[in-house]
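> Before I ask anything, let me first share the structure, which is written out below as structure tokens.
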Amino acid sequence: MSLLPEDPKDRQYIMLGLRIIGDFGAIIAVPIVVFVLIGQWLEDKYGYAPWFTISAFFLATLLSGKMIYKKAKQFGEEYKKLDDRQQSTDNREKK
């Protein structure tokens with residue numbers, strides 16, 4: 001028994017959804033972890049705790065937000081193309 005549906009149309013939607021989850025997870029997690037680690041390193045080196053970490057977290061949040069916005073537009077267009085292909089295929093099957 002397969003985890004994905006047998007219908008290739010449904011499979012494409014599920015694969016797109018999994019790509020969205022993976023991309024958004026990475027876009028959120030990686031910059032925050034990297035920037036916070038840099039902020040903590042700067043605190044160890046120069047002091048001023050917790051300001052470097054807070055600033056790094058804020059910058060990572062802004063960067064992640066901007067990247068999510070770009071990716072969401074890209075995935076929206078991809079979904080639209082997939083949906084248009086699905087509708088045109090459904091219309092051909094009805095005829």
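Residue numbers start at 1 in each chain; chains themselves are named A, B, ... in the order of the structure tokens; ligands are numbered from 1 in the order shown.
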Tell me which protein, DNA and RNA residues are within 7 Å of stretch 68-71 of chain A, counting only C-alpha atoms, leaving out same-chain ones fewer than 4 positions away, and put them as a VMD selection string.

chain A and resid 24 27 64 75

> Write a file of the selected residues as a PDB file, in the first residue's frame, keeping C-alpha atoms.


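And here is the file that came out, selection.pdb:
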ATOM      1  CA  PHE A  24       8.891  27.171   4.869  1.00  0.00           C
ATOM      2  CA  ILE A  27      13.251  29.307   5.699  1.00  0.00           C
ATOM      3  CA  SER A  64      12.595  34.944   7.103  1.00  0.00           C
ATOM      4  CA  PHE A  75       4.170  28.628  -4.736  1.00  0.00           C
TER       5      PHE A  75
END

> Near A:Tyr13, within 9 Å and counting only C-alpha atoms, which residues show up once chain neighbours fewer than 3 positions away are dropped, as a list in words?

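Using only C-alpha atoms, the neighbours found are Pro8, Lys9, Asp10, Leu16, Gly17, Leu18, Tyr79, Leu82 and Asp83 of chain A.
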
> Save the residues we just selected, C-alpha atoms, as a PDB file, in the first residue's frame?


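Below is the file that was written, part.pdb:
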ATOM      1  CA  PRO A   8      -1.194  11.466 -10.461  1.00  0.00           C
ATOM      2  CA  LYS A   9      -3.235  14.669 -10.087  1.00  0.00           C
ATOM      3  CA  ASP A  10      -3.696  14.172  -6.357  1.00  0.00           C
ATOM      4  CA  LEU A  16       3.531  20.526  -3.730  1.00  0.00           C
ATOM      5  CA  GLY A  17       2.194  20.686  -0.178  1.00  0.00           C
ATOM      6  CA  LEU A  18       5.159  18.724   1.152  1.00  0.00           C
ATOM      7  CA  TYR A  79      -0.415  26.058  -7.569  1.00  0.00           C
ATOM      8  CA  LEU A  82      -1.203  23.023 -11.439  1.00  0.00           C
ATOM      9  CA  ASP A  83      -4.859  23.890 -10.866  1.00  0.00           C
TER      10      ASP A  83
END

> Quick one: distance from atom CA of A:Val36 to atom CA of A:Lys73 in Å, one decimal?

27.3 Å

> Kindly indicate which residue among A:Ile14, A:Ile21, A:Ala56, A:Ala49 lies nearest to A:Leu37, using only C-alpha atoms for the distances.

A:Ala56

> When you draw a straight line from atom CA of A:Arg92 to atom CA of A:Met15, how long is it in Å?

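Computing the Euclidean distance for atom CA of A:Arg92 and atom CA of A:Met15 yields 23.8 Å.
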
> Within 12 Å of A:Gly39, counting only C-alpha atoms, which residues show up once you throw out same-chain ones fewer than 4 positions away? Write them as a list in words, please.

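The neighbour list is Pro31, Ile32, Val33, Val34, Phe35, Glu43, Asp44, Lys45, Tyr46, Gly47, Tyr48, Ala49, Pro50, Trp51, Phe52, Thr53, Ile54, Ser55, Ala56, Phe57, Phe58, Leu59 and Ala60 of chain A.
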
> Mind pulling up the distance from atom CA of A:Arg11 to atom CA of A:Ser88?

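Between these atoms lies a distance of 17.1 Å.
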